[in-house]
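One file, query13.txt, is given below (compact mmCIF, C-alpha atoms).
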```
# COMPACT_ATOMS: atom_id res chain seq x y z
CA MET A 950 -10.54 25.01 8.30
CA LEU A 951 -10.10 21.34 7.35
CA HIS A 952 -13.54 20.39 8.62
CA LYS A 953 -15.12 22.81 6.11
CA LEU A 954 -13.61 21.02 3.11
CA PRO A 955 -15.70 18.53 1.09
CA ALA A 956 -14.80 14.90 1.79
CA GLU A 957 -13.24 14.39 -1.65
CA LEU A 958 -11.04 17.48 -1.33
CA LEU A 959 -10.09 16.60 2.25
CA SER A 960 -8.99 13.14 1.13
CA GLY A 961 -6.81 14.76 -1.51
CA VAL A 962 -5.19 17.00 1.09
CA LEU A 963 -4.56 14.06 3.42
CA SER A 964 -2.77 12.17 0.65
CA TYR A 965 0.06 14.73 0.83
CA LEU A 966 0.61 14.28 4.57
CA ASP A 967 2.89 11.84 6.40
CA TYR A 968 1.80 9.77 9.38
CA GLU A 969 3.39 12.26 11.81
CA ASP A 970 1.19 15.01 10.38
CA LEU A 971 -1.94 12.87 10.17
CA ASN A 972 -1.86 11.42 13.66
CA PRO A 973 -2.67 14.69 15.51
CA LEU A 974 -5.70 15.18 13.25
CA LEU A 975 -7.37 12.23 14.99
CA ASN A 976 -8.07 14.64 17.85
CA LEU A 977 -10.40 16.69 15.61
CA SER A 978 -13.76 15.00 16.07
CA SER A 979 -15.28 16.55 12.94
CA ILE A 980 -12.80 14.89 10.57
CA GLU A 981 -11.68 11.97 12.76
CA PRO A 982 -13.59 9.27 10.76
CA ILE A 983 -12.08 10.40 7.45
CA VAL A 984 -8.58 10.61 8.94
CA ARG A 985 -8.90 7.16 10.51
CA HIS A 986 -10.07 5.68 7.22
CA HIS A 987 -7.09 7.27 5.44
CA LEU A 988 -4.66 5.96 8.07
CA LEU A 989 -6.06 2.42 7.91
CA ARG A 990 -5.75 2.48 4.15
CA HIS A 991 -2.28 4.01 3.78
CA PHE A 992 -0.61 3.69 7.21
CA LYS A 993 -2.29 0.64 8.70
CA PHE A 994 0.75 -0.63 10.58
CA HIS A 995 1.57 2.82 11.98
CA TYR A 996 -2.04 3.30 13.05
CA GLN A 997 -2.26 -0.08 14.80
CA VAL A 998 0.97 0.47 16.73
CA GLY A 999 -0.02 4.05 17.56
CA SER A 1000 -3.40 2.86 18.86
CA LEU A 1001 -1.71 0.38 21.17
CA LEU A 1002 0.64 3.09 22.42
CA ARG A 1003 -2.32 5.34 23.21
CA LEU A 1004 -3.99 2.45 25.03
CA PHE A 1005 -0.80 1.78 26.98
CA GLU A 1006 -0.51 5.41 28.09
CA SER A 1007 -4.20 5.55 29.04
CA LEU A 1008 -3.78 2.76 31.60
CA THR A 1009 -3.37 3.64 35.26
CA PRO A 1010 0.11 3.26 36.78
CA THR A 1011 -1.09 0.19 38.67
CA GLU A 1012 -2.30 -1.46 35.48
CA ARG A 1013 0.90 -0.64 33.59
CA HIS A 1014 2.97 -2.19 36.38
CA GLN A 1015 1.07 -5.48 36.24
CA THR A 1016 3.18 -8.13 34.52
CA ASP A 1017 0.20 -9.84 32.88
CA THR A 1018 -1.08 -6.59 31.39
CA ARG A 1019 2.32 -5.65 30.01
CA ASN A 1020 2.91 -9.13 28.60
CA GLU A 1021 -0.45 -9.08 26.84
CA LEU A 1022 0.29 -5.72 25.25
CA ALA A 1023 3.80 -6.86 24.29
CA ARG A 1024 2.34 -9.90 22.53
CA GLN A 1025 -0.09 -7.66 20.68
CA PHE A 1026 2.77 -5.49 19.40
CA LEU A 1027 4.59 -8.56 18.10
CA HIS A 1028 1.38 -10.01 16.68
CA ILE A 1029 0.87 -6.86 14.59
CA ILE A 1030 4.33 -7.26 13.06
CA CYS A 1031 3.87 -10.99 12.44
CA HIS A 1032 0.45 -10.46 10.85
CA HIS A 1033 1.86 -8.00 8.32
CA VAL A 1034 4.97 -10.10 7.64
CA GLU A 1035 3.11 -13.38 7.14
CA GLU A 1036 1.17 -11.81 4.27
CA CYS A 1037 4.44 -11.29 2.33
CA PRO A 1038 6.26 -13.87 0.19
CA LYS A 1039 8.77 -15.92 2.17
CA LEU A 1040 11.74 -14.33 0.44
CA ASP A 1041 10.60 -10.88 1.58
CA GLN A 1042 9.64 -11.76 5.14
CA ARG A 1043 13.00 -11.01 6.73
CA ASP A 1044 13.26 -7.56 5.14
CA GLN A 1045 9.64 -6.79 5.97
CA PHE A 1046 10.10 -7.83 9.60
CA SER A 1047 13.14 -5.56 9.91
CA SER A 1048 11.27 -2.71 8.22
CA LYS A 1049 8.22 -3.02 10.50
CA LEU A 1050 10.44 -3.32 13.56
CA ASP A 1051 12.24 -0.11 12.58
CA VAL A 1052 8.89 1.67 12.30
CA MET A 1053 7.90 0.40 15.75
CA HIS A 1054 11.22 1.57 17.20
CA ASP A 1055 10.65 4.99 15.67
CA LEU A 1056 7.11 5.31 17.05
CA PHE A 1057 8.24 4.32 20.55
CA LEU A 1058 11.16 6.74 20.34
CA LYS A 1059 8.97 9.64 19.24
CA ARG A 1060 6.88 9.20 22.37
CA ILE A 1061 9.95 9.07 24.61
CA LEU A 1062 11.29 12.28 23.06
CA SER A 1063 7.90 13.99 23.04
CA SER A 1064 7.55 17.05 25.26
CA ASP A 1065 4.05 16.02 26.36
CA LEU A 1066 4.99 12.59 27.76
CA ARG A 1067 3.89 12.30 31.38
CA PRO A 1068 6.71 12.05 33.95
CA GLY A 1069 7.66 8.47 34.81
CA LEU A 1070 6.26 6.89 31.66
CA GLU A 1071 9.78 6.31 30.34
CA HIS A 1072 10.17 3.58 32.97
CA ASP A 1073 6.98 1.88 31.82
CA TYR A 1074 8.02 2.19 28.18
CA ALA A 1075 11.36 0.57 28.96
CA ALA A 1076 9.61 -2.25 30.82
CA ILE A 1077 7.28 -3.10 27.93
CA CYS A 1078 10.19 -2.89 25.46
CA LEU A 1079 12.05 -5.48 27.54
CA ASP A 1080 8.91 -7.64 27.59
CA ILE A 1081 8.68 -7.45 23.80
CA ARG A 1082 12.33 -8.43 23.49
CA SER A 1083 11.98 -11.31 25.96
CA ILE A 1084 8.88 -12.73 24.24
CA TYR A 1085 10.61 -12.44 20.87
CA LEU A 1086 13.70 -14.30 22.08
CA HIS A 1087 11.65 -17.11 23.61
CA THR A 1088 9.23 -17.61 20.70
CA PRO A 1089 10.83 -19.54 17.80
CA SER A 1090 7.84 -19.00 15.51
CA ILE A 1091 8.42 -15.23 15.70
CA ARG A 1092 12.20 -15.34 15.42
CA VAL A 1093 12.11 -17.53 12.32
CA LEU A 1094 10.10 -14.84 10.51
CA HIS A 1095 12.84 -12.33 11.25
CA ASP A 1096 15.81 -14.63 10.67
CA PRO A 1097 15.29 -18.18 9.31
CA LYS A 1098 18.86 -19.03 10.34
CA TYR A 1099 18.67 -17.51 13.81
CA ARG A 1100 19.86 -20.71 15.51
CA ARG A 1101 23.24 -20.33 13.80
CA ARG A 1102 23.56 -16.57 14.19
CA SER A 1103 26.70 -15.30 15.92
CA THR A 1104 26.18 -13.61 19.27
CA LYS A 1105 28.42 -10.81 18.00
CA TYR A 1106 25.57 -9.41 15.89
CA PRO A 1107 22.35 -10.54 17.57
CA LEU A 1108 18.91 -9.76 16.21
CA ALA A 1109 16.19 -8.73 18.64
CA PRO A 1110 13.76 -5.85 19.19
CA PHE A 1111 14.77 -2.79 21.19
CA LEU A 1112 18.49 -3.45 21.44
CA PRO A 1113 20.41 -0.39 22.68
CA ARG A 1114 22.44 -0.28 19.47
CA ASP A 1115 19.24 0.70 17.63
CA PHE A 1116 19.12 3.92 19.65
CA THR A 1117 22.81 4.84 19.93
CA TYR A 1118 22.41 7.44 17.19
CA VAL A 1119 20.07 9.40 19.50
CA TRP A 1120 22.59 9.13 22.32
CA ARG A 1121 25.36 10.46 20.07
CA ARG A 1122 23.14 13.26 18.82
CA GLN A 1123 22.31 14.39 22.35
CA CYS A 1124 25.95 14.20 23.42
CA ALA A 1125 26.96 16.20 20.36
CA ALA A 1126 24.37 18.86 21.23
CA ILE A 1127 25.89 19.26 24.70
CA ASP A 1128 29.40 19.42 23.24
CA HIS A 1129 28.25 22.05 20.74
CA GLU A 1130 26.76 24.22 23.49
CA HIS A 1131 29.89 23.99 25.65
CA ASN A 1132 32.48 24.63 22.97
CA LYS A 1133 31.08 26.28 19.87
CA ASN A 1134 27.85 28.11 20.48
CA PRO A 1135 28.46 31.68 21.73
CA THR A 1136 24.73 32.32 22.27
CA TRP A 1137 22.88 29.70 24.26
CA PRO A 1138 19.23 28.92 23.46
CA PRO A 1139 16.52 30.41 25.69
CA LEU A 1140 16.35 29.11 29.25
CA ALA A 1141 12.96 27.44 28.76
CA ARG A 1142 14.31 25.57 25.74
CA ARG A 1143 17.39 24.41 27.64
CA ILE A 1144 15.27 23.16 30.54
CA LEU A 1145 12.99 21.22 28.18
CA ASP A 1146 15.97 19.75 26.30
CA ARG A 1147 17.55 18.66 29.57
CA GLN A 1148 14.34 16.93 30.68
CA ILE A 1149 14.13 15.09 27.35
CA HIS A 1150 17.81 14.11 27.51
CA LEU A 1151 17.45 12.68 31.02
CA ARG A 1152 14.22 10.92 30.13
CA PHE A 1153 15.85 9.27 27.12
CA ALA A 1154 18.93 8.36 29.18
CA CYS A 1155 16.69 6.58 31.70
CA PHE A 1156 14.82 4.70 28.96
CA PHE A 1157 18.03 3.93 27.06
CA GLY A 1158 19.88 2.68 30.14
CA SER A 1159 17.04 0.31 31.03
CA LEU A 1160 17.43 -1.42 27.66
CA PHE A 1161 20.86 -2.71 28.75
CA GLU A 1162 19.20 -5.30 30.98
CA ILE A 1163 20.50 -8.71 29.91
CA THR A 1164 17.30 -10.57 29.05
CA SER A 1165 19.31 -13.37 27.42
CA LEU A 1166 22.94 -14.55 27.44
CA TYR A 1167 22.64 -14.37 23.65
CA LEU A 1168 22.78 -10.57 23.99
CA GLU A 1169 25.39 -10.14 26.73
CA SER A 1170 28.53 -9.42 24.69
CA SER A 1171 26.67 -7.08 22.32
CA LEU A 1172 25.13 -5.10 25.19
CA ASP A 1173 28.49 -4.71 26.95
CA GLY A 1174 30.14 -3.41 23.78
CA THR A 1175 27.37 -0.89 23.12
CA PHE A 1176 27.45 0.32 26.74
CA GLU A 1177 31.19 0.99 26.63
CA GLU A 1178 30.78 2.88 23.35
CA CYS A 1179 28.11 5.12 24.88
CA VAL A 1180 30.19 5.75 28.01
CA ARG A 1181 33.12 6.91 25.87
CA GLU A 1182 30.86 9.20 23.84
CA ALA A 1183 29.42 10.85 26.96
CA LEU A 1184 32.81 11.36 28.61
CA VAL A 1185 34.42 12.87 25.52
CA THR A 1186 31.57 15.37 25.05
CA GLY A 1187 31.04 16.09 28.75
CA GLU A 1188 27.43 14.84 28.98
CA VAL A 1189 27.96 13.47 32.51
CA GLU A 1190 24.44 13.94 33.89
CA SER A 1191 22.87 11.76 31.20
CA LEU A 1192 25.73 9.28 31.67
CA LEU A 1193 24.95 8.98 35.38
CA VAL A 1194 21.24 8.49 34.66
CA MET A 1195 22.01 5.84 32.04
CA CYS A 1196 24.30 3.96 34.44
CA ALA A 1197 21.70 4.12 37.22
CA ALA A 1198 18.97 2.80 34.92
CA ALA A 1199 21.27 0.04 33.65
CA GLY A 1200 22.34 -0.92 37.17
CA LYS A 1201 26.00 -0.30 36.31
CA PRO A 1202 28.49 1.12 38.83
CA VAL A 1203 30.03 4.51 38.05
CA ASP A 1204 33.79 3.93 38.15
CA VAL A 1205 35.03 7.32 36.97
CA GLU A 1206 38.72 6.44 36.73
CA GLY A 1207 37.97 3.12 35.03
CA MET A 1208 35.69 4.80 32.50
CA CYS A 1209 38.29 7.47 31.70
CA MET A 1210 40.93 4.77 31.33
CA MET A 1211 38.64 3.05 28.84
CA VAL A 1212 38.62 6.20 26.69
CA SER A 1213 42.42 6.49 26.80
CA LEU A 1214 42.84 2.80 26.01
CA ALA A 1215 40.62 3.13 22.93
CA GLY A 1216 42.87 5.94 21.67
CA GLU A 1217 46.04 3.95 22.33
CA GLN A 1218 44.63 0.96 20.46
CA LEU A 1219 43.79 3.16 17.47
CA TRP A 1220 47.25 4.77 17.33
CA SER A 1221 48.91 1.37 17.68
CA TYR A 1222 46.81 0.02 14.82
CA LEU A 1223 47.67 2.98 12.59
CA ASP A 1224 51.38 2.63 13.42
CA THR A 1225 51.42 -1.00 12.33
CA MET A 1226 49.39 -0.37 9.17
CA GLU A 1227 52.45 0.82 7.22
CA ASP A 1228 54.36 -2.38 8.00
CA TRP A 1229 51.37 -4.54 7.11
CA LEU A 1230 50.91 -2.70 3.85
CA ALA A 1231 54.56 -3.09 2.85
CA ASN A 1232 55.07 -6.69 3.99
CA ASP A 1233 51.68 -8.39 3.94
CA PRO A 1234 49.02 -6.37 2.10
CA ASN A 1235 45.56 -7.85 1.79
CA PRO A 1236 44.15 -8.58 -1.71
CA GLN A 1237 42.36 -5.24 -1.96
CA GLN A 1238 45.47 -3.25 -1.03
CA ARG A 1239 47.62 -5.32 -3.39
CA ALA A 1240 45.20 -4.66 -6.25
CA ARG A 1241 45.31 -0.91 -5.56
CA MET A 1242 49.11 -0.88 -5.58
CA GLN A 1243 49.28 -2.90 -8.79
CA GLY A 1244 46.81 -0.56 -10.47
CA PHE A 1245 48.80 2.44 -9.31
CA ASN A 1246 52.05 0.97 -10.65
CA ALA A 1247 50.41 0.18 -14.01
CA GLN A 1248 49.30 3.80 -14.37
CA HIS A 1249 52.84 5.05 -13.80
CA GLN A 1250 54.73 2.66 -16.08
CA GLU A 1251 55.14 5.45 -18.66
CA GLU A 1252 56.75 7.85 -16.17
CA PRO A 1253 60.50 8.52 -16.40
CA GLN A 1254 62.54 5.59 -15.17
CA ALA A 1255 64.76 7.90 -13.14
CA GLN A 1256 62.43 7.65 -10.17
CA ASP A 1257 63.56 5.28 -7.45
CA GLN A 1258 61.65 2.15 -6.57
CA ASP A 1259 61.26 3.44 -3.02
CA GLU A 1260 59.36 6.48 -4.28
CA ASP A 1261 57.05 4.24 -6.33
CA LEU A 1262 56.37 2.13 -3.25
CA ASN A 1263 55.63 5.22 -1.17
CA ARG A 1264 53.16 6.53 -3.74
CA ALA A 1265 51.52 3.12 -3.97
CA GLN A 1266 51.18 2.96 -0.21
CA ASN A 1267 49.68 6.44 -0.07
CA ASP A 1268 47.22 5.51 -2.78
CA ALA A 1269 46.30 2.34 -0.91
CA TYR A 1270 45.66 4.37 2.21
CA ASN A 1271 43.45 6.63 0.08
CA ILE A 1272 44.08 9.62 2.34
CA PRO A 1273 41.58 12.40 1.46
CA SER A 1274 42.46 16.05 1.21
CA SER A 1275 39.42 16.96 3.32
CA PRO A 1276 39.67 17.17 7.14
CA PRO A 1277 40.19 13.81 8.88
CA PRO A 1278 37.13 11.94 10.16
CA GLU A 1279 36.03 12.66 13.69
CA TRP A 1280 37.26 9.32 15.04
CA LEU A 1281 40.82 10.27 14.04
CA LEU A 1282 40.88 13.49 16.07
CA PRO A 1283 42.95 13.28 19.29
CA SER A 1284 40.17 15.14 21.14
CA ARG A 1285 37.94 12.08 20.68
CA TYR A 1286 40.17 10.17 23.10
CA ASN A 1287 40.64 12.82 25.76
CA VAL A 1288 38.48 13.41 28.85
CA GLU A 1289 38.61 16.93 30.27
CA PRO A 1290 39.43 17.27 34.01
CA ASP A 1291 36.22 19.28 34.43
CA THR A 1292 34.23 16.33 33.09
CA LYS A 1293 35.80 13.92 35.56
CA LEU A 1294 35.17 16.29 38.47
CA ARG A 1295 31.51 16.85 37.56
CA LEU A 1296 30.86 13.12 37.18
CA LYS A 1297 32.49 12.36 40.54
CA LEU A 1298 30.42 15.07 42.21
CA LEU A 1299 27.12 13.94 40.69
CA ASP A 1300 27.87 10.30 41.51
CA HIS A 1301 28.65 11.27 45.12
CA LEU A 1302 25.34 13.14 45.43
CA TYR A 1303 23.47 10.21 43.89
CA LYS A 1304 25.03 7.72 46.30
CA LYS A 1305 24.08 10.01 49.19
CA GLY A 1306 20.45 9.59 48.17
CA TRP A 1307 19.76 12.71 46.11
CA HIS A 1308 18.01 11.26 43.04
CA TRP A 1309 17.09 14.61 41.50
CA PHE A 1310 16.26 13.19 38.08
CA HIS A 1311 13.48 10.84 39.23
```

Turn the structure described in the file into structure tokens.
Amino acid sequence: MLHKLPAELLSGVLSYLDYEDLNPLLNLSSIEPIVRHHLLRHFKFHYQVGSLLRLFESLTPTERHQTDTRNELARQFLHIICHHVEECPKLDQRDQFSSKLDVMHDLFLKRILSSDLRPGLEHDYAAICLDIRSIYLHTPSIRVLHDPKYRRRSTKYPLAPFLPRDFTYVWRRQCAAIDHEHNKNPTWPPLARRILDRQIHLRFACFFGSLFEITSLYLESSLDGTFEECVREALVTGEVESLLVMCAAAGKPVDVEGMCMMVSLAGEQLWSYLDTMEDWLANDPNPQQRARMQGFNAQHQEEPQAQDQDEDLNRAQNDAYNIPSSPPPEWLLPSRYNVEPDTKLRLKLLDHLYKKGWHWFH
């Protein structure tokens, strides 16, 4: 139907579409020139990155595995970002670099999660992502566009492309979907849908785990922290198959008891912190807490003087805590720090099968 529209009307229709809707229209030869022109005008960066991704997927496996070919493509991805950022005023360059990098992350991720991605391409995608990160970290002229003060940046919050922390929200979402199916959903989705979802979950776990490769000591502490966070999330929700795939891709040993102990320890640290908060608030409040308590006391100066000072202090402390009447946040629930025996057993079994040579997910 679109190819029957006049060019002016077709351009008007395209102006209402996002890049995700426009990109498939490139496959329609009759309107492909008009769609490409619209993309280059309104989504130039998206189109350039998408074109490189299509080129990357069109290569033969042998070509994709060649280091020189991957490095050249990785440099082209970074060059696209730099070209767009250098056109901006200096004060805006850092924000623009972060914005373009987020778009690139999103376009890569959409391909990884796409149902039509050819088997095995997640390994090649992970490899080129690591190449992009490595080139970025070893090219000062690129890093200074992203962070002019990168030489003084703390290793606690490193900046680099394709860090695992940029994709942890997908990991949590997939773990939550498994937890929802196991505990809350009385009617499971159709079998074909479950099989497809499992394939996508395992594919993402393989890609995600590969990103934990330490390409620089600058990233080591950040990568370790993110990995532990993802392990805890998978154990609590019971997503053990993806956890095993992630560990295998990251080259990390699967120590089931140690991982479960890590979950319990996180809970103990939280409860210990909450237990000491009351003493800290009463004896050594920080400036923000002190200001809240003073404001609370000022509001209640007109109340009857018959109330004890201890009651005033208790109300001030409760106000400083700012405890809501709504249900507690998820991270305060005891279930977030408990690993079910069934989860431990399944992980041990899958790890045993994997070590025996049954790599069913490859």

Original post:
To one decimal place, how far is atom CA of A:Arg1092 from atom CA of A:Thr1016 in Å?
Top reply: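 The value is 22.3 Å.
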
Original post:
Which is closest to A:Gly1187 among A:Leu1282, A:Leu1062, A:Ile1081, A:Cys1209, if we use all atoms listed in the file?
Top reply: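 Checking each candidate against A:Gly1187, we get A:Cys1209 as the closest.
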
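Shell of stretch 1028-1035 of chain A at 9 Å, with only C-alpha atoms counted and residues fewer than 6 places along the chain excluded, is Phe994, Gln997, Val998, Asp1041, Gln1042, Arg1043, Gln1045, Phe1046, Lys1049, Leu1050, Met1053, Ile1091, Leu1094 and His1095 of chain A.
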
Original post:
Which polymer residues have any atom within 10 Å of an atom of stretch 1306-1311 of chain A, counting only C-alpha atoms, with same-chain residues fewer than 2 positions away left out, as a PyMOL selection string?
Top reply: chain A and resi 1068-1069+1148+1151-1152+1155+1190-1191+1194+1197+1299-1304

Subject >> Nearby residues (all atoms listed in the file) at most 9 Å from A:Phe1005, same-chain spacing under 5 positions excluded, as a PyMOL selection string >> reply: chain A and resi 1000+1013+1019+1022+1074

Original post:
With distances taken over only C-alpha atoms, which of A:Lys953, A:Arg1142, A:Lys1297, A:His995 is nearest to A:Ile980?
Top reply: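 Of A:Lys953, A:Arg1142, A:Lys1297, A:His995, the one nearest A:Ile980, counting only C-alpha atoms, is A:Lys953.
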
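Point (35.5, 15.9, 30.8) has the following residues at most 10 Å away: Ala1183, Leu1184, Val1185, Thr1186, Gly1187, Glu1188, Val1189, Cys1209, Asn1287, Val1288, Glu1289, Pro1290, Asp1291, Thr1292, Lys1293, Leu1294, Arg1295 and Leu1296 of chain A (atoms considered: only C-alpha atoms).
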
Subject >> Contact residues around A:Ala1215 with only C-alpha atoms at 12 Å, ignoring same-chain residues under 5 positions, as a PyMOL selection string >> reply: chain A and resi 1177-1178+1180-1182+1185+1208-1210+1220-1222+1280-1281+1283+1285-1287

Original post:
What's the 10 Å shell around A:Asp967, counting all atoms listed in the file, without same-chain residues fewer than 5 positions away, as a ChimeraX atom specification?
Top reply: /A:972,988,991-992

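For the pair atom CA of A:Asp1204 and atom CA of A:Lys1305, the interatomic distance is 15.9 Å.
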
Can you give me N, CA and C atoms for stretch 950-967 of chain A, written as a short mmCIF file (atom, residue, chain, number, x, y, z; two decimals), in the frame of the given file?
```cif
data_model
loop_
_atom_site.label_atom_id
_atom_site.label_comp_id
_atom_site.auth_asym_id
_atom_site.auth_seq_id
_atom_site.Cartn_x
_atom_site.Cartn_y
_atom_site.Cartn_z
N MET A 950 -10.42 24.83 9.73
CA MET A 950 -10.54 25.01 8.30
C MET A 950 -10.73 23.67 7.58
N LEU A 951 -10.02 22.64 8.03
CA LEU A 951 -10.10 21.34 7.35
C LEU A 951 -11.51 20.76 7.39
N HIS A 952 -12.22 21.00 8.50
CA HIS A 952 -13.54 20.39 8.62
C HIS A 952 -14.55 21.02 7.66
N LYS A 953 -14.22 22.16 7.06
CA LYS A 953 -15.12 22.81 6.11
C LYS A 953 -14.93 22.30 4.68
N LEU A 954 -13.87 21.52 4.46
CA LEU A 954 -13.61 21.02 3.11
C LEU A 954 -14.55 19.86 2.77
N PRO A 955 -14.95 19.72 1.51
CA PRO A 955 -15.70 18.53 1.09
C PRO A 955 -14.85 17.28 1.30
N ALA A 956 -15.52 16.15 1.48
CA ALA A 956 -14.80 14.90 1.79
C ALA A 956 -13.79 14.55 0.71
N GLU A 957 -14.16 14.74 -0.57
CA GLU A 957 -13.24 14.39 -1.65
C GLU A 957 -11.98 15.27 -1.62
N LEU A 958 -12.18 16.57 -1.38
CA LEU A 958 -11.04 17.48 -1.33
C LEU A 958 -10.18 17.22 -0.09
N LEU A 959 -10.83 16.91 1.03
CA LEU A 959 -10.09 16.60 2.25
C LEU A 959 -9.23 15.36 2.06
N SER A 960 -9.77 14.35 1.40
CA SER A 960 -8.99 13.14 1.13
C SER A 960 -7.77 13.45 0.27
N GLY A 961 -7.94 14.36 -0.69
CA GLY A 961 -6.81 14.76 -1.51
C GLY A 961 -5.73 15.46 -0.71
N VAL A 962 -6.16 16.31 0.23
CA VAL A 962 -5.19 17.00 1.09
C VAL A 962 -4.45 16.01 1.97
N LEU A 963 -5.19 15.04 2.53
CA LEU A 963 -4.56 14.06 3.42
C LEU A 963 -3.52 13.21 2.70
N SER A 964 -3.71 13.02 1.40
CA SER A 964 -2.77 12.17 0.65
C SER A 964 -1.38 12.78 0.57
N TYR A 965 -1.25 14.06 0.87
CA TYR A 965 0.06 14.73 0.83
C TYR A 965 0.74 14.74 2.19
N LEU A 966 0.07 14.21 3.22
CA LEU A 966 0.61 14.28 4.57
C LEU A 966 1.23 12.95 4.99
N ASP A 967 2.28 13.03 5.81
CA ASP A 967 2.89 11.84 6.40
C ASP A 967 2.12 11.44 7.65
#
```
